[in-house]
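What's in input.cif: mmCIF, C-alpha atoms
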```cif
data_target
#
loop_
_atom_site.group_PDB
_atom_site.id
_atom_site.type_symbol
_atom_site.label_atom_id
_atom_site.label_comp_id
_atom_site.auth_asym_id
_atom_site.auth_seq_id
_atom_site.Cartn_x
_atom_site.Cartn_y
_atom_site.Cartn_z
ATOM 1 C CA MET I 15 20.301 -13.079 -23.708
ATOM 2 C CA SER I 16 19.127 -9.590 -24.463
ATOM 3 C CA GLN I 17 19.844 -7.120 -21.698
ATOM 4 C CA LYS I 18 16.261 -5.871 -21.962
ATOM 5 C CA ASN I 19 14.605 -9.267 -21.951
ATOM 6 C CA PRO I 20 10.910 -8.653 -21.114
ATOM 7 C CA THR I 21 10.802 -11.722 -18.857
ATOM 8 C CA ILE I 22 13.775 -10.509 -16.822
ATOM 9 C CA ILE I 23 12.251 -7.036 -16.553
ATOM 10 C CA PHE I 24 8.942 -8.540 -15.380
ATOM 11 C CA LEU I 25 10.709 -10.643 -12.739
ATOM 12 C CA ALA I 26 12.716 -7.611 -11.608
ATOM 13 C CA PHE I 27 9.548 -5.546 -11.135
ATOM 14 C CA PHE I 28 8.001 -8.480 -9.270
ATOM 15 C CA ALA I 29 11.013 -8.431 -6.945
ATOM 16 C CA ILE I 30 10.863 -4.715 -6.107
ATOM 17 C CA TYR I 31 7.066 -4.759 -5.822
ATOM 18 C CA VAL I 32 6.452 -7.981 -3.897
ATOM 19 C CA PHE I 33 9.761 -8.719 -2.160
ATOM 20 C CA TRP I 34 10.256 -5.183 -0.873
ATOM 21 C CA GLY I 35 6.569 -4.929 -0.025
ATOM 22 C CA SER I 36 6.923 -8.185 1.924
ATOM 23 C CA THR I 37 9.878 -7.003 4.026
ATOM 24 C CA TYR I 38 7.477 -5.242 6.395
ATOM 25 C CA LEU I 39 5.723 -8.549 7.082
ATOM 26 C CA TRP I 40 8.983 -10.492 7.468
ATOM 27 C CA ASN I 41 10.467 -7.883 9.811
ATOM 28 C CA LYS I 42 7.288 -7.823 11.890
ATOM 29 C CA MET I 43 7.307 -11.617 12.146
ATOM 30 C CA ALA I 44 10.960 -11.715 13.207
ATOM 31 C CA VAL I 45 10.952 -8.777 15.626
ATOM 32 C CA THR I 46 8.146 -10.340 17.674
ATOM 33 C CA GLU I 47 10.699 -12.959 18.776
ATOM 34 C CA LEU I 48 14.110 -11.325 18.293
ATOM 35 C CA PRO I 49 15.531 -8.011 19.584
ATOM 36 C CA PRO I 50 15.576 -5.465 16.723
ATOM 37 C CA PHE I 51 19.274 -4.551 16.626
ATOM 38 C CA MET I 52 20.459 -8.152 16.854
ATOM 39 C CA LEU I 53 17.967 -9.021 14.105
ATOM 40 C CA GLY I 54 19.218 -6.252 11.816
ATOM 41 C CA GLY I 55 22.865 -6.964 12.584
ATOM 42 C CA PHE I 56 22.503 -10.651 11.759
ATOM 43 C CA ARG I 57 20.586 -9.876 8.581
ATOM 44 C CA PHE I 58 22.952 -7.276 7.156
ATOM 45 C CA CYS I 59 26.209 -8.990 8.119
ATOM 46 C CA THR I 60 24.990 -12.185 6.461
ATOM 47 C CA ALA I 61 23.667 -10.411 3.356
ATOM 48 C CA GLY I 62 26.791 -8.264 3.102
ATOM 49 C CA LEU I 63 29.121 -11.257 3.184
ATOM 50 C CA ILE I 64 27.034 -13.052 0.552
ATOM 51 C CA ILE I 65 27.133 -9.978 -1.709
ATOM 52 C CA PHE I 66 30.915 -9.753 -1.210
ATOM 53 C CA GLY I 67 31.070 -13.330 -2.489
ATOM 54 C CA ILE I 68 28.854 -12.520 -5.475
ATOM 55 C CA ALA I 69 30.926 -9.444 -6.355
ATOM 56 C CA ALA I 70 34.178 -11.422 -6.146
ATOM 57 C CA SER I 71 32.748 -14.274 -8.254
ATOM 58 C CA LEU I 72 31.781 -11.740 -10.934
ATOM 59 C CA GLY I 73 35.356 -10.496 -11.045
ATOM 60 C CA HIS I 74 34.843 -7.146 -9.318
ATOM 61 C CA SER I 75 37.721 -5.800 -7.252
ATOM 62 C CA LEU I 76 36.864 -5.431 -3.564
ATOM 63 C CA ARG I 77 39.617 -2.880 -2.961
ATOM 64 C CA ILE I 78 38.388 0.619 -2.137
ATOM 65 C CA THR I 79 40.001 3.798 -0.836
ATOM 66 C CA ARG I 80 39.857 4.948 2.794
ATOM 67 C CA LYS I 81 37.563 7.773 1.732
ATOM 68 C CA GLN I 82 35.195 5.350 0.009
ATOM 69 C CA LEU I 83 35.266 3.098 3.078
ATOM 70 C CA GLY I 84 34.401 5.992 5.395
ATOM 71 C CA ASN I 85 31.565 7.110 3.144
ATOM 72 C CA SER I 86 30.287 3.524 2.858
ATOM 73 C CA ILE I 87 30.186 3.250 6.643
ATOM 74 C CA LEU I 88 28.337 6.578 6.833
ATOM 75 C CA ALA I 89 25.826 5.407 4.230
ATOM 76 C CA GLY I 90 25.385 2.074 5.997
ATOM 77 C CA VAL I 91 24.693 3.776 9.330
ATOM 78 C CA LEU I 92 22.214 6.325 7.938
ATOM 79 C CA PHE I 93 20.386 3.956 5.573
ATOM 80 C CA LEU I 94 20.509 0.642 7.407
ATOM 81 C CA SER I 95 21.709 0.919 11.020
ATOM 82 C CA VAL I 96 19.308 3.769 11.841
ATOM 83 C CA GLY I 97 17.075 3.870 8.766
ATOM 84 C CA ASN I 98 16.314 0.154 8.971
ATOM 85 C CA GLY I 99 17.316 -0.906 12.491
ATOM 86 C CA VAL I 100 15.247 1.754 14.227
ATOM 87 C CA PHE I 101 12.350 1.165 11.821
ATOM 88 C CA VAL I 102 12.298 -2.539 12.703
ATOM 89 C CA TRP I 103 12.315 -1.521 16.378
ATOM 90 C CA ALA I 104 9.234 0.591 15.626
ATOM 91 C CA LEU I 105 7.468 -2.495 14.235
ATOM 92 C CA LYS I 106 7.373 -3.908 17.767
ATOM 93 C CA TYR I 107 4.733 -1.263 18.505
ATOM 94 C CA ILE I 108 2.927 -0.586 15.206
ATOM 95 C CA ASP I 109 1.409 -2.791 12.508
ATOM 96 C CA SER I 110 3.498 -3.654 9.452
ATOM 97 C CA GLY I 111 0.999 -2.099 7.010
ATOM 98 C CA PHE I 112 0.815 1.070 9.086
ATOM 99 C CA GLY I 113 4.610 1.212 9.132
ATOM 100 C CA ALA I 114 4.736 0.803 5.352
ATOM 101 C CA LEU I 115 2.526 3.863 4.931
ATOM 102 C CA ILE I 116 4.815 5.884 7.193
ATOM 103 C CA ALA I 117 7.785 4.710 5.110
ATOM 104 C CA SER I 118 6.027 5.924 1.959
ATOM 105 C CA MET I 119 6.463 9.484 3.288
ATOM 106 C CA TYR I 120 10.167 9.294 2.383
ATOM 107 C CA PRO I 121 9.805 11.584 -0.705
ATOM 108 C CA LEU I 122 7.905 14.090 1.458
ATOM 109 C CA PHE I 123 10.771 14.185 3.960
ATOM 110 C CA ILE I 124 13.281 14.630 1.120
ATOM 111 C CA ILE I 125 11.392 17.565 -0.372
ATOM 112 C CA LEU I 126 10.908 19.295 2.995
ATOM 113 C CA MET I 127 14.603 18.885 3.873
ATOM 114 C CA MET I 128 15.693 20.193 0.464
ATOM 115 C CA THR I 129 13.378 23.180 0.894
ATOM 116 C CA ILE I 130 14.604 24.028 4.402
ATOM 117 C CA ILE I 131 18.315 23.235 4.064
ATOM 118 C CA GLN I 132 19.026 23.849 0.368
ATOM 119 C CA LYS I 133 16.409 26.591 -0.119
ATOM 120 C CA ARG I 134 14.978 24.790 -3.143
ATOM 121 C CA LYS I 135 12.014 26.383 -4.894
ATOM 122 C CA LEU I 136 9.071 24.024 -5.254
ATOM 123 C CA LYS I 137 6.950 23.546 -8.347
ATOM 124 C CA LYS I 138 3.161 23.779 -8.029
ATOM 125 C CA MET I 139 2.769 20.028 -8.457
ATOM 126 C CA THR I 140 5.317 19.405 -5.704
ATOM 127 C CA ILE I 141 3.609 21.870 -3.345
ATOM 128 C CA ALA I 142 0.309 20.051 -3.927
ATOM 129 C CA GLY I 143 2.051 16.753 -3.205
ATOM 130 C CA VAL I 144 3.534 18.055 0.053
ATOM 131 C CA PHE I 145 0.112 19.372 1.120
ATOM 132 C CA LEU I 146 -1.596 16.062 0.371
ATOM 133 C CA GLY I 147 1.229 14.145 2.048
ATOM 134 C CA LEU I 148 0.862 16.118 5.268
ATOM 135 C CA ILE I 149 -2.919 15.624 5.266
ATOM 136 C CA GLY I 150 -2.489 11.891 4.683
ATOM 137 C CA MET I 151 0.073 11.662 7.489
ATOM 138 C CA LEU I 152 -2.231 13.466 9.936
ATOM 139 C CA LEU I 153 -5.164 11.217 9.020
ATOM 140 C CA LEU I 154 -2.952 8.172 9.452
ATOM 141 C CA VAL I 155 -1.549 8.908 12.910
ATOM 142 C CA THR I 156 -4.656 10.480 14.496
ATOM 143 C CA GLN I 157 -6.821 7.371 14.414
ATOM 144 C CA ARG I 158 -8.370 7.045 17.850
ATOM 145 C CA GLN I 159 -8.522 3.240 17.800
ATOM 146 C CA LEU I 160 -4.787 3.060 17.090
ATOM 147 C CA SER I 161 -3.556 5.863 19.351
ATOM 148 C CA ILE I 162 -4.802 4.055 22.470
ATOM 149 C CA GLU I 163 -2.584 1.025 21.757
ATOM 150 C CA PRO I 164 0.351 0.634 24.195
ATOM 151 C CA ASN I 165 3.514 2.432 22.982
ATOM 152 C CA PHE I 166 1.790 3.464 19.729
ATOM 153 C CA TRP I 167 3.329 6.930 19.724
ATOM 154 C CA LEU I 168 6.735 5.500 20.568
ATOM 155 C CA GLY I 169 6.442 3.324 17.472
ATOM 156 C CA VAL I 170 5.400 6.293 15.325
ATOM 157 C CA GLY I 171 8.286 8.363 16.674
ATOM 158 C CA LEU I 172 10.814 5.607 15.990
ATOM 159 C CA ALA I 173 9.467 5.097 12.447
ATOM 160 C CA LEU I 174 9.658 8.823 11.677
ATOM 161 C CA THR I 175 13.204 8.955 13.090
ATOM 162 C CA ALA I 176 14.194 6.089 10.787
ATOM 163 C CA ILE I 177 12.707 7.800 7.721
ATOM 164 C CA LEU I 178 14.450 11.058 8.688
ATOM 165 C CA SER I 179 17.775 9.184 8.854
ATOM 166 C CA TRP I 180 17.152 7.534 5.462
ATOM 167 C CA SER I 181 16.259 10.910 3.948
ATOM 168 C CA SER I 182 19.380 12.527 5.412
ATOM 169 C CA GLY I 183 21.440 9.711 3.965
ATOM 170 C CA SER I 184 19.911 10.283 0.531
ATOM 171 C CA LEU I 185 20.904 13.945 0.574
ATOM 172 C CA ILE I 186 24.394 13.379 1.993
ATOM 173 C CA VAL I 187 25.502 10.225 0.203
ATOM 174 C CA ALA I 188 24.474 11.601 -3.205
ATOM 175 C CA HIS I 189 27.366 14.060 -2.938
ATOM 176 C CA VAL I 190 30.145 11.835 -1.539
ATOM 177 C CA GLU I 191 32.402 9.266 -3.169
ATOM 178 C CA THR I 192 31.407 5.624 -2.741
ATOM 179 C CA PRO I 193 32.591 2.491 -4.618
ATOM 180 C CA LYS I 194 31.456 2.713 -8.235
ATOM 181 C CA ASN I 195 30.285 -0.886 -8.481
ATOM 182 C CA HIS I 196 26.826 -1.315 -6.924
ATOM 183 C CA PHE I 197 27.555 -4.806 -5.574
ATOM 184 C CA VAL I 198 30.792 -3.731 -3.908
ATOM 185 C CA SER I 199 29.236 -0.544 -2.522
ATOM 186 C CA THR I 200 26.243 -2.436 -1.145
ATOM 187 C CA ALA I 201 28.433 -5.143 0.387
ATOM 188 C CA TYR I 202 30.462 -2.599 2.339
ATOM 189 C CA GLN I 203 27.378 -0.629 3.402
ATOM 190 C CA MET I 204 25.469 -3.705 4.578
ATOM 191 C CA THR I 205 28.406 -5.239 6.411
ATOM 192 C CA ALA I 206 29.276 -1.956 8.127
ATOM 193 C CA ALA I 207 25.644 -1.434 9.116
ATOM 194 C CA GLY I 208 25.425 -4.994 10.442
ATOM 195 C CA VAL I 209 28.528 -4.561 12.598
ATOM 196 C CA VAL I 210 27.228 -1.242 13.992
ATOM 197 C CA LEU I 211 23.859 -2.829 14.828
ATOM 198 C CA LEU I 212 25.501 -5.797 16.561
ATOM 199 C CA LEU I 213 27.702 -3.443 18.616
ATOM 200 C CA ALA I 214 24.628 -1.350 19.509
ATOM 201 C CA SER I 215 22.802 -4.547 20.466
ATOM 202 C CA LEU I 216 25.622 -5.521 22.839
ATOM 203 C CA PHE I 217 25.808 -1.992 24.260
ATOM 204 C CA ILE I 218 22.110 -1.813 25.202
ATOM 205 C CA GLY I 219 22.125 -5.369 26.494
ATOM 206 C CA GLU I 220 19.871 -7.151 24.025
ATOM 207 C CA GLU I 221 19.611 -10.865 24.695
ATOM 208 C CA TRP I 222 21.172 -12.881 21.867
ATOM 209 C CA SER I 223 20.132 -16.371 20.858
ATOM 210 C CA SER I 224 21.261 -19.028 18.400
ATOM 211 C CA PRO I 225 19.438 -19.256 15.060
ATOM 212 C CA LEU I 226 18.924 -22.945 15.885
ATOM 213 C CA SER I 227 16.729 -21.928 18.832
ATOM 214 C CA TRP I 228 14.510 -19.598 16.809
ATOM 215 C CA SER I 229 11.029 -20.670 15.805
ATOM 216 C CA GLY I 230 10.536 -21.970 12.276
ATOM 217 C CA ARG I 231 8.524 -18.854 11.430
ATOM 218 C CA THR I 232 11.365 -16.541 12.470
ATOM 219 C CA GLN I 233 13.962 -18.620 10.619
ATOM 220 C CA ILE I 234 11.870 -18.388 7.448
ATOM 221 C CA ALA I 235 11.367 -14.619 7.912
ATOM 222 C CA LEU I 236 15.132 -14.001 8.318
ATOM 223 C CA THR I 237 15.953 -16.181 5.333
ATOM 224 C CA CYS I 238 13.454 -14.254 3.196
ATOM 225 C CA LEU I 239 14.823 -10.917 4.392
ATOM 226 C CA ILE I 240 18.385 -11.894 3.512
ATOM 227 C CA LEU I 241 17.834 -13.668 0.209
ATOM 228 C CA PHE I 242 14.814 -11.858 -1.204
ATOM 229 C CA GLY I 243 14.602 -8.511 0.631
ATOM 230 C CA SER I 244 18.311 -7.649 0.612
ATOM 231 C CA ILE I 245 19.974 -9.532 -2.250
ATOM 232 C CA ALA I 246 17.349 -10.320 -4.915
ATOM 233 C CA ALA I 247 15.329 -7.095 -4.622
ATOM 234 C CA PHE I 248 18.397 -4.857 -4.515
ATOM 235 C CA SER I 249 19.900 -6.574 -7.561
ATOM 236 C CA ALA I 250 16.581 -6.201 -9.383
ATOM 237 C CA PHE I 251 16.406 -2.542 -8.381
ATOM 238 C CA ASN I 252 19.826 -1.782 -9.850
ATOM 239 C CA TYR I 253 19.062 -3.805 -13.004
ATOM 240 C CA LEU I 254 15.882 -1.798 -13.574
ATOM 241 C CA LEU I 255 17.643 1.527 -13.025
ATOM 242 C CA LYS I 256 19.946 0.651 -15.936
ATOM 243 C CA ASN I 257 17.270 -0.723 -18.271
ATOM 244 C CA VAL I 258 13.986 1.064 -17.468
ATOM 245 C CA ASP I 259 12.980 4.704 -16.913
ATOM 246 C CA THR I 260 13.537 5.802 -13.307
ATOM 247 C CA GLU I 261 9.933 7.012 -13.124
ATOM 248 C CA LYS I 262 8.723 3.464 -13.764
ATOM 249 C CA VAL I 263 11.076 2.054 -11.135
ATOM 250 C CA SER I 264 9.778 4.578 -8.588
ATOM 251 C CA THR I 265 6.263 3.122 -8.911
ATOM 252 C CA SER I 266 7.347 0.659 -6.220
ATOM 253 C CA ALA I 267 6.666 3.531 -3.798
ATOM 254 C CA TYR I 268 2.948 3.149 -4.474
ATOM 255 C CA VAL I 269 2.824 -0.639 -4.681
ATOM 256 C CA ASN I 270 4.929 -1.564 -1.622
ATOM 257 C CA PRO I 271 2.530 -0.111 1.002
ATOM 258 C CA ILE I 272 -0.456 -1.834 -0.619
ATOM 259 C CA ILE I 273 1.393 -5.177 -0.638
ATOM 260 C CA ALA I 274 2.453 -4.632 2.986
ATOM 261 C CA MET I 275 -1.062 -3.751 4.149
ATOM 262 C CA PHE I 276 -2.582 -6.782 2.421
ATOM 263 C CA LEU I 277 0.036 -9.203 3.773
ATOM 264 C CA GLY I 278 -0.256 -7.780 7.293
ATOM 265 C CA TRP I 279 -4.022 -8.189 7.143
ATOM 266 C CA TYR I 280 -3.883 -11.702 5.665
ATOM 267 C CA PHE I 281 -1.071 -13.257 7.706
ATOM 268 C CA LEU I 282 -1.038 -11.225 10.938
ATOM 269 C CA ASP I 283 -4.723 -10.256 11.222
ATOM 270 C CA GLU I 284 -3.806 -6.570 11.247
ATOM 271 C CA THR I 285 -6.777 -4.223 11.070
ATOM 272 C CA ILE I 286 -7.219 -2.006 8.017
ATOM 273 C CA THR I 287 -9.542 0.847 8.961
ATOM 274 C CA LEU I 288 -11.500 3.035 6.565
ATOM 275 C CA GLN I 289 -9.487 6.010 7.783
ATOM 276 C CA SER I 290 -6.252 4.134 6.964
ATOM 277 C CA ILE I 291 -7.526 3.465 3.429
ATOM 278 C CA ILE I 292 -8.444 7.133 2.928
ATOM 279 C CA ALA I 293 -5.119 8.252 4.432
ATOM 280 C CA ALA I 294 -3.247 5.830 2.161
ATOM 281 C CA ALA I 295 -5.030 7.116 -0.940
ATOM 282 C CA ILE I 296 -4.298 10.760 -0.073
ATOM 283 C CA LEU I 297 -0.724 10.057 1.010
ATOM 284 C CA LEU I 298 0.206 8.020 -2.061
ATOM 285 C CA THR I 299 -1.402 10.614 -4.331
ATOM 286 C CA GLY I 300 0.811 13.191 -2.649
ATOM 287 C CA VAL I 301 3.870 10.993 -3.239
ATOM 288 C CA TYR I 302 2.888 10.718 -6.914
ATOM 289 C CA PHE I 303 2.591 14.505 -7.243
ATOM 290 C CA ILE I 304 5.981 14.962 -5.546
ATOM 291 C CA ASN I 305 7.647 12.498 -7.930
ATOM 292 C CA VAL I 306 6.009 14.102 -10.975
ATOM 293 C CA GLY I 307 6.995 17.577 -9.792
ATOM 294 C CA LYS I 308 10.613 16.597 -9.142
ATOM 295 C CA GLY I 309 13.271 18.145 -11.330
ATOM 296 C CA LYS I 310 15.240 15.713 -13.476
ATOM 297 C CA GLY I 311 18.421 16.812 -11.730
ATOM 298 C CA ASP I 312 17.248 15.819 -8.262
ATOM 299 C CA LYS I 313 19.000 12.483 -8.212
ATOM 300 C CA GLU I 314 19.335 12.656 -4.431
ATOM 301 C CA ALA I 315 15.550 12.326 -4.203
ATOM 302 C CA LYS I 316 15.494 9.045 -6.112
ATOM 303 C CA LEU I 317 13.211 6.661 -4.288
ATOM 304 C CA LYS I 318 14.544 3.530 -2.662
ATOM 305 C CA THR I 319 12.241 1.583 -0.412
ATOM 306 C CA GLU I 320 14.027 -1.321 1.182
ATOM 307 C CA VAL I 321 13.401 -1.883 4.905
#
```
Could the structure of this file be written out as structure tokens, please?
Amino acid sequence: MSQKNPTIIFLAFFAIYVFWGSTYLWNKMAVTELPPFMLGGFRFCTAGLIIFGIAASLGHSLRITRKQLGNSILAGVLFLSVGNGVFVWALKYIDSGFGALIASMYPLFIILMMTIIQKRKLKKMTIAGVFLGLIGMLLLVTQRQLSIEPNFWLGVGLALTAILSWSSGSLIVAHVETPKNHFVSTAYQMTAAGVVLLLASLFIGEEWSSPLSWSGRTQIALTCLILFGSIAAFSAFNYLLKNVDTEKVSTSAYVNPIIAMFLGWYFLDETITLQSIIAAAILLTGVYFINVGKGKGDKEAKLKTEV
């Protein structure tokens, strides 16, 4: 089979567009019944162990150095324990489509952090993107009909904290040594993140329950998150990075929020306001300008959208 088989490439794009866009819906469905840290811990420990099995079956060595292990744990905490676990917690208080739009501000956070911490000079296109991104964010979070919802601002704060953690991880992990094989690296990161989330769940006293006692809807949501959101979409993402231009892969940043908003509206009866549509258009245009204005050497700003 050709490595650049058009059918495989199409299916891979379908995975990063639809599966990752659907994770907001699946997380929202699950977190309405399960505590967020227990949910994330169960998901990532299960997915991590499955990926360990896949890596071993493909003949990859699972041995890594202590330094690689420490960096994998750091990456798992920043990307998944906080970046995902806290974001799922936020979905208890905000709609899944709304959360997806907040998550789309990830490139904006990256650029602002690079400007403040690394003193990077911004290109005109990037400056325009940052400006549009900030306008879109303000329009999104200042909707009167949403701001009066109970714990709305708590949800927004948690979501922004999660995106800040993910952005910090992108800047830090890009410069540290992790396992070279993507499967092995991901397995260690997911498993470490899952263990941290389960420990955090025990520490704050979340009430655990057996998967057998969960509703059918929650069982389906967790299964989809593990198999499609974590394993299939991530594998597709890495396949595309090796076979398609990175700029094309990054288009998932514009598609995922639209998928999430539609699914939240269709399955969960979430409201899509005119102001949300306008904010989404401005925000995603800003993200596009930021990506176009990025220097080719800014690999730490590469977009990755799993939640």
Task: Among listed residues I:Phe145, I:Tyr31, I:Phe51, I:Tyr302, nearest Asn98 (chain I) (using all atoms listed in the file) - done: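 Smallest distance to Asn98 (chain I) is found for I:Phe51.
Note on the selection: in this file the PyMOL selection byres ((chain I and resi 155) around 10) comes out as I:Phe112, I:Ile116, I:Gly150, I:Met151, I:Leu152, I:Leu153, I:Leu154, I:Thr156, I:Gln157, I:Arg158, I:Leu160, I:Ser161, I:Phe166, I:Trp167, I:Val170, I:Gln289, I:Ser290, I:Ala293.
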TODO: Could you check how far CA of Ser229 (chain I) sits from CA of Ala44 (chain I), in Å to one decimal?
DONE: 9.3 Å
- [ ] Starting from the shown file, work through the PyMOL selection byres ((chain I and resi 297-300) around 6) and note down what comes out as a list in words.
- [x]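 What the PyMOL selection byres ((chain I and resi 297-300) around 6) grabs from the file is Gly143, Leu146, Gly147, Gly150, Ala293, Ala294, Ala295, Ile296, Val301, Tyr302 and Phe303 of chain I.
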- [ ] Report as JSON, numbers by chain the full result of the PyMOL selection byres ((chain I and resi 173) around 10) when it is applied to this structure.
- [x] {"I": [96, 97, 98, 99, 100, 101, 102, 103, 104, 105, 107, 108, 113, 114, 116, 117, 167, 168, 169, 170, 171, 172, 174, 175, 176, 177, 178, 179]}
